[in-house]
Amino acid sequence: MHQNPLAMGRLLNGPNGPFVGKAGSYIGYTVNGVGYIKGLYKRRTKAPTEKEALNREKFAVAQHWLQPLLQSVRIGFKGYNEKFQGFAAAKSYLMNNAMEVLDGKIIINPELVKVSSGSLPLPKNIECTFQEPGTFCFNWTPDIGTDREAQTIAVVYDLTNKQNMGFTFGSSAYSGKYEVYIGNPSGKTYLIYLAFVAADRSRQSDSIYLGRFDF
């Protein structure tokens, strides 16, 4: 029996479930358990408008800037909202809150960037210092409002070489400290962030920006 190649959709969980796949001129898909449907992509013949071109450039800049932090933001933006989480959510947040255009050039303000977003309380008095030879030292004061078993999401972003020297699931909150060894920092620039994720991975904190270090 001949099968129509355009009828490729499936109804998950029966007739009341989300439509997934392609059928005729429609495509069904799910994101974080929510079903969506859209028309097939049509090749565009018109040149993009100035606004569309700028948005594409912003998207590319955000993608490039966040790529080294992929593993950290996947944890830090877990469950961000119904449509976005992880890397996509971190990129959306950066584009909407930490990006501006000056004299036609796209600028990212690292102070406004988040590598984590959530409701887990942060400990107090968080700070970061650099100590020879080549170590970033994070310190904070554990307090009653903090999940003592929560673990650090430490981002030590080597902006010069576009790599993250920090680690996810580091020290527990009750320890009050964490260290990241980076080696010789000469000629490099680092951006520092810290956040915490619950031991059961159920939620995470907002991240805090701890400064820029130029060597």
# chains A, B, ... in the order shown; residues from 1 in each chain; ligands from 1
>>> residues_around(residues="A:Gly183", least_positions_apart="2", cutoff="8 Å", atoms="only C-alpha atoms", output="ChimeraX atom specification")
/A:133-135,181,185
>>> residues_around(residues="stretch 69-76 of chain A", least_positions_apart="6", cutoff="6 Å", atoms="only C-alpha atoms", output="NGL selection string")
:A and (86-87 or 115-117)
>>> closest_residue(among="A:Lys114, A:Lys83, A:Lys51, A:Lys177", to="A:Gln151", atoms="only C-alpha atoms")
A:Lys177
>>> select_by_dssp(residues="stretch 96-187 of chain A", states="strand (DSSP E or B)", output="compact mmCIF listing (two decimals) with all heavy atoms, in the first residue's frame")
# COMPACT_ATOMS: atom_id res chain seq x y z
N MET A 99 23.20 42.76 26.86
CA MET A 99 23.75 43.10 25.55
C MET A 99 23.24 44.46 25.11
O MET A 99 22.07 44.78 25.28
CB MET A 99 23.34 42.02 24.54
CG MET A 99 23.98 42.14 23.18
SD MET A 99 23.48 40.76 22.08
CE MET A 99 24.54 39.45 22.68
N GLU A 100 24.14 45.27 24.55
CA GLU A 100 23.75 46.56 24.00
C GLU A 100 24.56 46.83 22.73
O GLU A 100 25.58 46.17 22.47
CB GLU A 100 23.96 47.67 25.03
CG GLU A 100 25.38 47.79 25.55
CD GLU A 100 25.50 48.83 26.65
OE1 GLU A 100 24.74 49.83 26.59
OE2 GLU A 100 26.33 48.67 27.54
N VAL A 101 24.10 47.78 21.94
CA VAL A 101 24.78 48.14 20.70
C VAL A 101 25.29 49.56 20.82
O VAL A 101 24.54 50.50 21.05
CB VAL A 101 23.82 48.02 19.49
CG1 VAL A 101 24.57 48.39 18.21
CG2 VAL A 101 23.25 46.61 19.39
N LEU A 102 26.62 49.75 20.69
CA LEU A 102 27.25 51.05 20.77
C LEU A 102 28.02 51.31 19.48
O LEU A 102 28.93 50.55 19.13
CB LEU A 102 28.20 51.12 21.97
CG LEU A 102 27.56 51.01 23.36
CD1 LEU A 102 28.63 50.99 24.44
CD2 LEU A 102 26.58 52.16 23.60
N LYS A 105 28.40 48.44 17.22
CA LYS A 105 29.11 47.27 17.71
C LYS A 105 28.35 46.65 18.89
O LYS A 105 27.91 47.36 19.79
CB LYS A 105 30.52 47.65 18.16
CG LYS A 105 31.37 46.46 18.59
CD LYS A 105 32.78 46.89 18.97
CE LYS A 105 33.62 45.70 19.39
NZ LYS A 105 35.00 46.10 19.78
N ILE A 106 28.21 45.35 18.87
CA ILE A 106 27.50 44.64 19.94
C ILE A 106 28.43 44.45 21.13
O ILE A 106 29.54 43.92 21.00
CB ILE A 106 27.00 43.28 19.44
CG1 ILE A 106 25.96 43.48 18.33
CG2 ILE A 106 26.39 42.47 20.59
CD1 ILE A 106 25.51 42.20 17.67
N ILE A 107 27.97 44.91 22.29
CA ILE A 107 28.76 44.84 23.51
C ILE A 107 28.03 43.98 24.55
O ILE A 107 26.83 44.14 24.76
CB ILE A 107 28.99 46.25 24.11
CG1 ILE A 107 29.64 47.18 23.07
CG2 ILE A 107 29.83 46.17 25.38
CD1 ILE A 107 31.02 46.75 22.66
N ILE A 108 28.77 43.09 25.19
CA ILE A 108 28.23 42.30 26.29
C ILE A 108 28.76 42.87 27.60
O ILE A 108 29.98 43.03 27.77
CB ILE A 108 28.62 40.82 26.16
CG1 ILE A 108 27.92 40.20 24.95
CG2 ILE A 108 28.24 40.04 27.43
CD1 ILE A 108 28.32 38.76 24.67
N LYS A 124 26.14 34.36 52.38
CA LYS A 124 26.51 35.78 52.48
C LYS A 124 28.02 35.97 52.34
O LYS A 124 28.80 35.05 52.50
CB LYS A 124 26.02 36.33 53.81
CG LYS A 124 24.50 36.33 53.95
CD LYS A 124 24.07 36.87 55.30
CE LYS A 124 22.54 36.86 55.42
NZ LYS A 124 22.09 37.36 56.74
N ASN A 125 28.37 37.22 52.04
CA ASN A 125 29.77 37.66 52.01
C ASN A 125 30.61 36.86 51.01
O ASN A 125 31.76 36.49 51.29
CB ASN A 125 30.39 37.56 53.41
CG ASN A 125 29.62 38.35 54.44
OD1 ASN A 125 29.22 39.48 54.18
ND2 ASN A 125 29.40 37.77 55.60
N ILE A 126 30.06 36.62 49.83
CA ILE A 126 30.82 35.91 48.79
C ILE A 126 31.85 36.85 48.19
O ILE A 126 31.56 37.99 47.84
CB ILE A 126 29.89 35.39 47.68
CG1 ILE A 126 28.86 34.42 48.26
CG2 ILE A 126 30.69 34.72 46.58
CD1 ILE A 126 27.83 33.95 47.24
N GLU A 127 33.07 36.37 48.06
CA GLU A 127 34.12 37.14 47.43
C GLU A 127 35.10 36.22 46.74
O GLU A 127 35.13 35.01 47.00
CB GLU A 127 34.86 38.01 48.46
CG GLU A 127 35.56 37.21 49.55
CD GLU A 127 36.30 38.10 50.53
OE1 GLU A 127 36.16 39.34 50.43
OE2 GLU A 127 37.05 37.56 51.36
N CYS A 128 35.89 36.80 45.85
CA CYS A 128 36.91 36.03 45.16
C CYS A 128 38.20 36.84 45.10
O CYS A 128 38.18 38.03 44.76
CB CYS A 128 36.46 35.68 43.74
SG CYS A 128 37.66 34.68 42.80
N THR A 129 39.31 36.22 45.46
CA THR A 129 40.62 36.86 45.39
C THR A 129 41.56 35.96 44.59
O THR A 129 41.31 34.76 44.42
CB THR A 129 41.20 37.09 46.80
OG1 THR A 129 41.29 35.82 47.48
CG2 THR A 129 40.32 38.03 47.60
N PHE A 130 42.63 36.56 44.10
CA PHE A 130 43.64 35.79 43.37
C PHE A 130 44.88 35.67 44.23
O PHE A 130 45.36 36.67 44.80
CB PHE A 130 43.99 36.46 42.05
CG PHE A 130 45.01 35.69 41.26
CD1 PHE A 130 44.65 34.58 40.52
CD2 PHE A 130 46.34 36.08 41.27
CE1 PHE A 130 45.59 33.86 39.79
CE2 PHE A 130 47.29 35.37 40.56
CZ PHE A 130 46.91 34.26 39.82
N GLN A 131 45.39 34.46 44.34
CA GLN A 131 46.59 34.23 45.13
C GLN A 131 47.62 33.47 44.30
O GLN A 131 47.28 32.54 43.57
CB GLN A 131 46.26 33.44 46.41
CG GLN A 131 45.36 34.20 47.37
CD GLN A 131 45.09 33.43 48.65
OE1 GLN A 131 45.71 32.40 48.91
NE2 GLN A 131 44.18 33.93 49.47
N THR A 135 45.97 30.85 41.56
CA THR A 135 44.78 30.27 42.16
C THR A 135 43.73 31.34 42.47
O THR A 135 44.03 32.35 43.11
CB THR A 135 45.13 29.53 43.47
OG1 THR A 135 46.07 28.50 43.19
CG2 THR A 135 43.88 28.91 44.09
N PHE A 136 42.50 31.10 42.00
CA PHE A 136 41.37 31.94 42.40
C PHE A 136 40.74 31.30 43.64
O PHE A 136 40.41 30.11 43.65
CB PHE A 136 40.34 32.04 41.28
CG PHE A 136 40.70 33.04 40.23
CD1 PHE A 136 41.16 32.62 38.98
CD2 PHE A 136 40.59 34.40 40.48
CE1 PHE A 136 41.49 33.54 38.01
CE2 PHE A 136 40.93 35.33 39.50
CZ PHE A 136 41.39 34.91 38.27
N CYS A 137 40.57 32.11 44.68
CA CYS A 137 40.05 31.63 45.95
C CYS A 137 38.67 32.24 46.21
O CYS A 137 38.54 33.46 46.34
CB CYS A 137 40.99 31.99 47.09
SG CYS A 137 42.66 31.32 46.91
N PHE A 138 37.66 31.39 46.27
CA PHE A 138 36.29 31.82 46.60
C PHE A 138 36.07 31.62 48.09
O PHE A 138 36.42 30.57 48.64
CB PHE A 138 35.27 30.98 45.83
CG PHE A 138 35.32 31.14 44.34
CD1 PHE A 138 36.18 30.37 43.58
CD2 PHE A 138 34.50 32.05 43.69
CE1 PHE A 138 36.23 30.49 42.19
CE2 PHE A 138 34.53 32.19 42.32
CZ PHE A 138 35.39 31.41 41.56
N ASN A 139 35.46 32.61 48.73
CA ASN A 139 35.13 32.51 50.15
C ASN A 139 33.74 33.07 50.40
O ASN A 139 33.31 34.00 49.70
CB ASN A 139 36.16 33.26 51.00
CG ASN A 139 37.53 32.63 50.97
OD1 ASN A 139 37.81 31.69 51.69
ND2 ASN A 139 38.39 33.15 50.11
N TRP A 140 33.05 32.50 51.39
CA TRP A 140 31.73 32.99 51.77
C TRP A 140 31.43 32.57 53.20
O TRP A 140 32.13 31.73 53.79
CB TRP A 140 30.65 32.44 50.83
CG TRP A 140 30.58 30.94 50.79
CD1 TRP A 140 29.84 30.11 51.60
CD2 TRP A 140 31.29 30.08 49.90
NE1 TRP A 140 30.04 28.79 51.28
CE2 TRP A 140 30.92 28.74 50.22
CE3 TRP A 140 32.19 30.28 48.86
CZ2 TRP A 140 31.43 27.63 49.56
CZ3 TRP A 140 32.71 29.18 48.19
CH2 TRP A 140 32.32 27.88 48.54
N THR A 141 30.40 33.16 53.78
CA THR A 141 29.99 32.83 55.14
C THR A 141 28.75 31.95 55.10
O THR A 141 27.68 32.43 54.71
CB THR A 141 29.68 34.10 55.96
OG1 THR A 141 30.84 34.94 55.97
CG2 THR A 141 29.30 33.73 57.39
N GLN A 151 26.14 22.63 46.27
CA GLN A 151 27.50 22.64 45.72
C GLN A 151 27.71 23.82 44.79
O GLN A 151 26.76 24.34 44.19
CB GLN A 151 27.77 21.33 44.98
CG GLN A 151 27.81 20.11 45.90
CD GLN A 151 27.98 18.83 45.12
OE1 GLN A 151 27.07 18.38 44.43
NE2 GLN A 151 29.16 18.25 45.21
N THR A 152 28.95 24.22 44.64
CA THR A 152 29.28 25.39 43.85
C THR A 152 29.19 25.13 42.35
O THR A 152 29.48 24.05 41.86
CB THR A 152 30.70 25.89 44.16
OG1 THR A 152 31.62 24.80 44.01
CG2 THR A 152 30.79 26.43 45.57
N ILE A 153 28.76 26.19 41.65
CA ILE A 153 28.95 26.29 40.20
C ILE A 153 29.92 27.45 40.04
O ILE A 153 29.54 28.61 40.12
CB ILE A 153 27.64 26.60 39.46
CG1 ILE A 153 26.58 25.54 39.74
CG2 ILE A 153 27.89 26.73 37.96
CD1 ILE A 153 25.21 25.86 39.14
N ALA A 154 31.19 27.13 39.88
CA ALA A 154 32.22 28.16 39.78
C ALA A 154 32.60 28.38 38.32
O ALA A 154 32.96 27.44 37.62
CB ALA A 154 33.46 27.75 40.58
N VAL A 155 32.49 29.62 37.88
CA VAL A 155 32.89 29.97 36.51
C VAL A 155 34.08 30.91 36.57
O VAL A 155 34.00 32.01 37.12
CB VAL A 155 31.72 30.63 35.74
CG1 VAL A 155 32.22 31.25 34.44
CG2 VAL A 155 30.63 29.60 35.46
N VAL A 156 35.20 30.44 36.07
CA VAL A 156 36.41 31.25 35.91
C VAL A 156 36.64 31.32 34.40
O VAL A 156 37.27 30.45 33.81
CB VAL A 156 37.61 30.62 36.64
CG1 VAL A 156 38.87 31.44 36.43
CG2 VAL A 156 37.31 30.51 38.14
N TYR A 157 36.07 32.34 33.81
CA TYR A 157 36.01 32.44 32.35
C TYR A 157 37.26 33.12 31.81
O TYR A 157 37.46 34.31 31.98
CB TYR A 157 34.76 33.23 31.97
CG TYR A 157 34.40 33.23 30.49
CD1 TYR A 157 33.27 33.90 30.05
CD2 TYR A 157 35.16 32.57 29.54
CE1 TYR A 157 32.90 33.93 28.71
CE2 TYR A 157 34.83 32.57 28.20
CZ TYR A 157 33.69 33.25 27.78
OH TYR A 157 33.35 33.27 26.46
N ASP A 158 38.11 32.31 31.17
CA ASP A 158 39.29 32.84 30.49
C ASP A 158 38.80 33.49 29.20
O ASP A 158 38.61 32.84 28.18
CB ASP A 158 40.26 31.70 30.20
CG ASP A 158 41.50 32.15 29.43
OD1 ASP A 158 41.54 33.31 28.99
OD2 ASP A 158 42.42 31.32 29.25
N GLN A 163 37.63 29.91 27.34
CA GLN A 163 37.44 28.64 28.00
C GLN A 163 37.09 28.85 29.47
O GLN A 163 37.47 29.86 30.06
CB GLN A 163 38.67 27.74 27.87
CG GLN A 163 39.95 28.32 28.44
CD GLN A 163 41.13 27.38 28.30
OE1 GLN A 163 40.99 26.17 28.44
NE2 GLN A 163 42.29 27.92 27.99
N ASN A 164 36.35 27.91 30.03
CA ASN A 164 35.94 27.98 31.42
C ASN A 164 36.88 27.13 32.26
O ASN A 164 36.95 25.91 32.09
CB ASN A 164 34.50 27.47 31.57
CG ASN A 164 33.99 27.55 33.00
OD1 ASN A 164 34.61 28.19 33.85
ND2 ASN A 164 32.87 26.91 33.28
N THR A 168 31.72 22.75 37.93
CA THR A 168 30.39 22.58 38.51
C THR A 168 30.44 21.41 39.48
O THR A 168 31.16 20.45 39.27
CB THR A 168 29.37 22.29 37.39
OG1 THR A 168 29.38 23.37 36.46
CG2 THR A 168 27.97 22.15 37.95
N PHE A 169 29.64 21.51 40.55
CA PHE A 169 29.61 20.51 41.62
C PHE A 169 30.94 20.49 42.38
O PHE A 169 31.57 19.46 42.55
CB PHE A 169 29.27 19.11 41.09
CG PHE A 169 28.03 19.05 40.25
CD1 PHE A 169 27.96 18.21 39.16
CD2 PHE A 169 26.93 19.83 40.55
CE1 PHE A 169 26.82 18.15 38.38
CE2 PHE A 169 25.78 19.78 39.78
CZ PHE A 169 25.73 18.93 38.69
N GLY A 170 31.37 21.67 42.82
CA GLY A 170 32.60 21.77 43.59
C GLY A 170 32.34 21.64 45.08
O GLY A 170 31.63 20.74 45.51
N SER A 171 32.86 22.58 45.87
CA SER A 171 32.73 22.50 47.32
C SER A 171 31.29 22.65 47.79
O SER A 171 30.47 23.28 47.12
CB SER A 171 33.56 23.61 47.97
OG SER A 171 34.94 23.39 47.79
N SER A 172 30.99 22.08 48.95
CA SER A 172 29.68 22.25 49.56
C SER A 172 29.59 23.62 50.23
O SER A 172 30.60 24.19 50.63
CB SER A 172 29.43 21.15 50.60
OG SER A 172 29.38 19.88 49.97
N LYS A 177 34.46 27.79 51.36
CA LYS A 177 35.55 28.16 50.45
C LYS A 177 35.67 27.18 49.29
O LYS A 177 35.19 26.04 49.35
CB LYS A 177 36.88 28.18 51.21
CG LYS A 177 37.29 26.84 51.81
CD LYS A 177 38.61 26.97 52.56
CE LYS A 177 39.03 25.62 53.14
NZ LYS A 177 40.33 25.72 53.86
N TYR A 178 36.31 27.66 48.25
CA TYR A 178 36.56 26.83 47.08
C TYR A 178 37.71 27.46 46.30
O TYR A 178 37.84 28.69 46.25
CB TYR A 178 35.31 26.75 46.19
CG TYR A 178 35.44 25.81 45.02
CD1 TYR A 178 35.77 24.48 45.21
CD2 TYR A 178 35.25 26.25 43.71
CE1 TYR A 178 35.88 23.60 44.15
CE2 TYR A 178 35.36 25.38 42.63
CZ TYR A 178 35.68 24.06 42.86
OH TYR A 178 35.80 23.19 41.79
N GLU A 179 38.56 26.65 45.72
CA GLU A 179 39.72 27.16 44.99
C GLU A 179 39.77 26.57 43.59
O GLU A 179 39.45 25.40 43.37
CB GLU A 179 41.02 26.82 45.74
CG GLU A 179 41.13 27.50 47.09
CD GLU A 179 42.45 27.20 47.78
OE1 GLU A 179 43.22 26.33 47.26
OE2 GLU A 179 42.74 27.83 48.81
N VAL A 180 40.18 27.42 42.64
CA VAL A 180 40.35 26.99 41.25
C VAL A 180 41.75 27.37 40.80
O VAL A 180 42.11 28.56 40.78
CB VAL A 180 39.31 27.66 40.32
CG1 VAL A 180 39.57 27.25 38.86
CG2 VAL A 180 37.90 27.27 40.73
N TYR A 181 42.55 26.37 40.47
CA TYR A 181 43.92 26.62 40.01
C TYR A 181 43.92 26.80 38.50
O TYR A 181 43.39 25.97 37.76
CB TYR A 181 44.83 25.46 40.40
CG TYR A 181 46.25 25.63 39.91
CD1 TYR A 181 47.10 26.56 40.50
CD2 TYR A 181 46.73 24.88 38.83
CE1 TYR A 181 48.40 26.73 40.04
CE2 TYR A 181 48.02 25.04 38.37
CZ TYR A 181 48.85 25.97 38.98
OH TYR A 181 50.14 26.14 38.53
>>> residues_around(residues="A:Lys91", least_positions_apart="5", cutoff="8 Å", atoms="only C-alpha atoms", output="ChimeraX atom specification")
/A:59,62-63,66
>>> select_by_dssp(residues="stretch 57-118 of chain A", states="helix (DSSP H, G or I)", output="PyMOL selection string")
chain A and resi 57-76+86-97+110-112
>>> write_last_selection(atoms="N, CA, C and O atoms", output="compact mmCIF listing (two decimals), in the first residue's frame")
# COMPACT_ATOMS: atom_id res chain seq x y z
N GLU A 57 22.96 38.83 14.23
CA GLU A 57 24.32 39.07 14.73
C GLU A 57 24.37 38.93 16.24
O GLU A 57 25.32 38.36 16.80
N LYS A 58 23.35 39.45 16.93
CA LYS A 58 23.29 39.31 18.39
C LYS A 58 23.26 37.84 18.78
O LYS A 58 23.92 37.41 19.73
N PHE A 59 22.46 37.07 18.06
CA PHE A 59 22.34 35.64 18.33
C PHE A 59 23.69 34.96 18.19
O PHE A 59 24.09 34.15 19.04
N ALA A 60 24.43 35.30 17.13
CA ALA A 60 25.73 34.68 16.88
C ALA A 60 26.74 35.07 17.96
O ALA A 60 27.53 34.24 18.43
N VAL A 61 26.72 36.35 18.36
CA VAL A 61 27.65 36.82 19.39
C VAL A 61 27.37 36.13 20.73
O VAL A 61 28.29 35.68 21.42
N ALA A 62 26.09 36.03 21.10
CA ALA A 62 25.72 35.37 22.35
C ALA A 62 26.11 33.89 22.32
O ALA A 62 26.62 33.35 23.31
N GLN A 63 25.89 33.24 21.19
CA GLN A 63 26.24 31.83 21.03
C GLN A 63 27.74 31.63 21.25
O GLN A 63 28.17 30.74 21.98
N HIS A 64 28.54 32.47 20.61
CA HIS A 64 30.00 32.36 20.70
C HIS A 64 30.48 32.65 22.12
O HIS A 64 31.37 31.97 22.64
N TRP A 65 29.88 33.66 22.77
CA TRP A 65 30.33 34.06 24.11
C TRP A 65 30.02 32.99 25.15
O TRP A 65 30.81 32.72 26.05
N LEU A 66 28.86 32.36 25.03
CA LEU A 66 28.42 31.39 26.03
C LEU A 66 28.91 29.96 25.78
O LEU A 66 28.87 29.13 26.70
N GLN A 67 29.36 29.65 24.59
CA GLN A 67 29.72 28.27 24.26
C GLN A 67 30.71 27.66 25.24
O GLN A 67 30.56 26.49 25.65
N PRO A 68 31.75 28.39 25.70
CA PRO A 68 32.68 27.80 26.67
C PRO A 68 32.04 27.49 28.02
O PRO A 68 32.60 26.74 28.81
N LEU A 69 30.87 28.09 28.28
CA LEU A 69 30.20 27.91 29.57
C LEU A 69 29.05 26.91 29.47
O LEU A 69 28.20 26.84 30.36
N LEU A 70 29.01 26.14 28.41
CA LEU A 70 27.89 25.26 28.11
C LEU A 70 27.50 24.37 29.29
O LEU A 70 26.32 24.32 29.69
N GLN A 71 28.45 23.66 29.87
CA GLN A 71 28.13 22.73 30.95
C GLN A 71 27.61 23.46 32.18
O GLN A 71 26.69 22.97 32.86
N SER A 72 28.16 24.63 32.48
CA SER A 72 27.72 25.38 33.66
C SER A 72 26.30 25.91 33.49
O SER A 72 25.48 25.80 34.40
N VAL A 73 25.99 26.51 32.33
CA VAL A 73 24.66 27.10 32.17
C VAL A 73 23.58 26.04 31.97
O VAL A 73 22.40 26.31 32.23
N ARG A 74 23.94 24.86 31.53
CA ARG A 74 22.95 23.77 31.45
C ARG A 74 22.41 23.46 32.84
O ARG A 74 21.22 23.20 33.00
N ILE A 75 23.27 23.50 33.83
CA ILE A 75 22.85 23.29 35.22
C ILE A 75 22.23 24.55 35.78
O ILE A 75 21.19 24.53 36.43
N GLY A 76 22.87 25.69 35.52
CA GLY A 76 22.44 26.95 36.10
C GLY A 76 21.08 27.43 35.61
O GLY A 76 20.39 28.16 36.33
N GLY A 86 18.44 25.63 30.26
CA GLY A 86 19.80 25.32 29.86
C GLY A 86 20.42 26.40 28.99
O GLY A 86 20.25 27.60 29.21
N PHE A 87 21.17 25.98 27.99
CA PHE A 87 21.93 26.90 27.14
C PHE A 87 21.02 27.90 26.44
O PHE A 87 21.34 29.09 26.35
N ALA A 88 19.88 27.45 25.91
CA ALA A 88 18.96 28.34 25.20
C ALA A 88 18.45 29.44 26.12
O ALA A 88 18.33 30.60 25.72
N ALA A 89 18.15 29.10 27.38
CA ALA A 89 17.66 30.09 28.33
C ALA A 89 18.76 31.09 28.70
O ALA A 89 18.52 32.29 28.81
N ALA A 90 19.98 30.59 28.89
CA ALA A 90 21.10 31.47 29.21
C ALA A 90 21.36 32.45 28.08
O ALA A 90 21.64 33.64 28.30
N LYS A 91 21.25 31.97 26.86
CA LYS A 91 21.46 32.84 25.69
C LYS A 91 20.36 33.89 25.58
O LYS A 91 20.63 35.06 25.30
N SER A 92 19.11 33.48 25.80
CA SER A 92 18.00 34.42 25.76
C SER A 92 18.17 35.49 26.83
O SER A 92 17.95 36.69 26.57
N TYR A 93 18.56 35.08 28.04
CA TYR A 93 18.76 36.05 29.13
C TYR A 93 19.86 37.04 28.77
O TYR A 93 19.71 38.26 28.98
N LEU A 94 20.97 36.54 28.24
CA LEU A 94 22.08 37.42 27.88
C LEU A 94 21.65 38.44 26.83
O LEU A 94 21.92 39.64 26.98
N MET A 95 20.95 37.98 25.79
CA MET A 95 20.54 38.88 24.71
C MET A 95 19.58 39.95 25.18
O MET A 95 19.62 41.09 24.72
N ASN A 96 18.71 39.60 26.13
CA ASN A 96 17.69 40.53 26.59
C ASN A 96 18.13 41.43 27.74
O ASN A 96 17.52 42.48 27.98
N ASN A 97 19.18 41.04 28.45
CA ASN A 97 19.54 41.76 29.67
C ASN A 97 20.99 42.24 29.76
O ASN A 97 21.27 43.11 30.58
N PRO A 110 29.55 42.07 31.14
CA PRO A 110 29.70 40.87 31.97
C PRO A 110 29.06 40.99 33.35
O PRO A 110 28.68 39.99 33.95
N GLU A 111 28.91 42.23 33.85
CA GLU A 111 28.29 42.42 35.16
C GLU A 111 26.81 42.03 35.15
O GLU A 111 26.25 41.71 36.19
N LEU A 112 26.19 42.09 33.97
CA LEU A 112 24.76 41.80 33.86
C LEU A 112 24.49 40.38 33.38
O LEU A 112 23.34 39.95 33.35
>>> atom_distance(atom1="atom CA of A:Leu210", atom2="atom CA of A:Gly79")
24.4 Å
>>> residues_around(residues="A:Glu149", least_positions_apart="3", cutoff="10 Å", atoms="only C-alpha atoms", output="PyMOL selection string")
chain A and resi 146+152+171-175+196-200
>>> write_last_selection(atoms="N, CA and C atoms", output="mmCIF file, in the first residue's frame")
data_model
loop_
_atom_site.group_PDB
_atom_site.id
_atom_site.type_symbol
_atom_site.label_atom_id
_atom_site.label_comp_id
_atom_site.auth_asym_id
_atom_site.auth_seq_id
_atom_site.Cartn_x
_atom_site.Cartn_y
_atom_site.Cartn_z
ATOM 1 N N THR A 146 21.052 29.003 53.994
ATOM 2 C CA THR A 146 21.702 28.326 52.876
ATOM 3 C C THR A 146 21.580 26.816 53.016
ATOM 4 N N THR A 152 28.947 24.216 44.645
ATOM 5 C CA THR A 152 29.277 25.391 43.855
ATOM 6 C C THR A 152 29.187 25.135 42.347
ATOM 7 N N SER A 171 32.857 22.577 45.870
ATOM 8 C CA SER A 171 32.731 22.504 47.323
ATOM 9 C C SER A 171 31.287 22.650 47.786
ATOM 10 N N SER A 172 30.991 22.077 48.949
ATOM 11 C CA SER A 172 29.679 22.248 49.557
ATOM 12 C C SER A 172 29.590 23.617 50.225
ATOM 13 N N ALA A 173 28.371 24.109 50.354
ATOM 14 C CA ALA A 173 28.169 25.448 50.910
ATOM 15 C C ALA A 173 28.713 25.566 52.332
ATOM 16 N N TYR A 174 28.619 24.485 53.105
ATOM 17 C CA TYR A 174 29.064 24.569 54.506
ATOM 18 C C TYR A 174 30.570 24.723 54.631
ATOM 19 N N SER A 175 31.341 24.446 53.575
ATOM 20 C CA SER A 175 32.798 24.548 53.652
ATOM 21 C C SER A 175 33.265 26.005 53.689
ATOM 22 N N PHE A 196 25.200 28.329 43.257
ATOM 23 C CA PHE A 196 25.102 27.060 43.987
ATOM 24 C C PHE A 196 23.938 26.240 43.445
ATOM 25 N N VAL A 197 24.112 24.926 43.472
ATOM 26 C CA VAL A 197 23.053 24.012 43.047
ATOM 27 C C VAL A 197 22.776 23.042 44.188
ATOM 28 N N ALA A 198 21.488 22.773 44.450
ATOM 29 C CA ALA A 198 21.102 21.890 45.555
ATOM 30 C C ALA A 198 21.689 20.494 45.358
ATOM 31 N N ALA A 199 21.940 19.814 46.455
ATOM 32 C CA ALA A 199 22.535 18.482 46.396
ATOM 33 C C ALA A 199 21.679 17.510 45.606
ATOM 34 N N ASP A 200 20.347 17.672 45.677
ATOM 35 C CA ASP A 200 19.458 16.785 44.916
ATOM 36 C C ASP A 200 19.168 17.320 43.517
#
>>> atom_distance(atom1="atom CA of A:Met165", atom2="atom CA of A:Ile182")
6.6 Å
>>> atom_distance(atom1="atom CA of A:Asn81", atom2="atom CA of A:Ser207")
17.0 Å
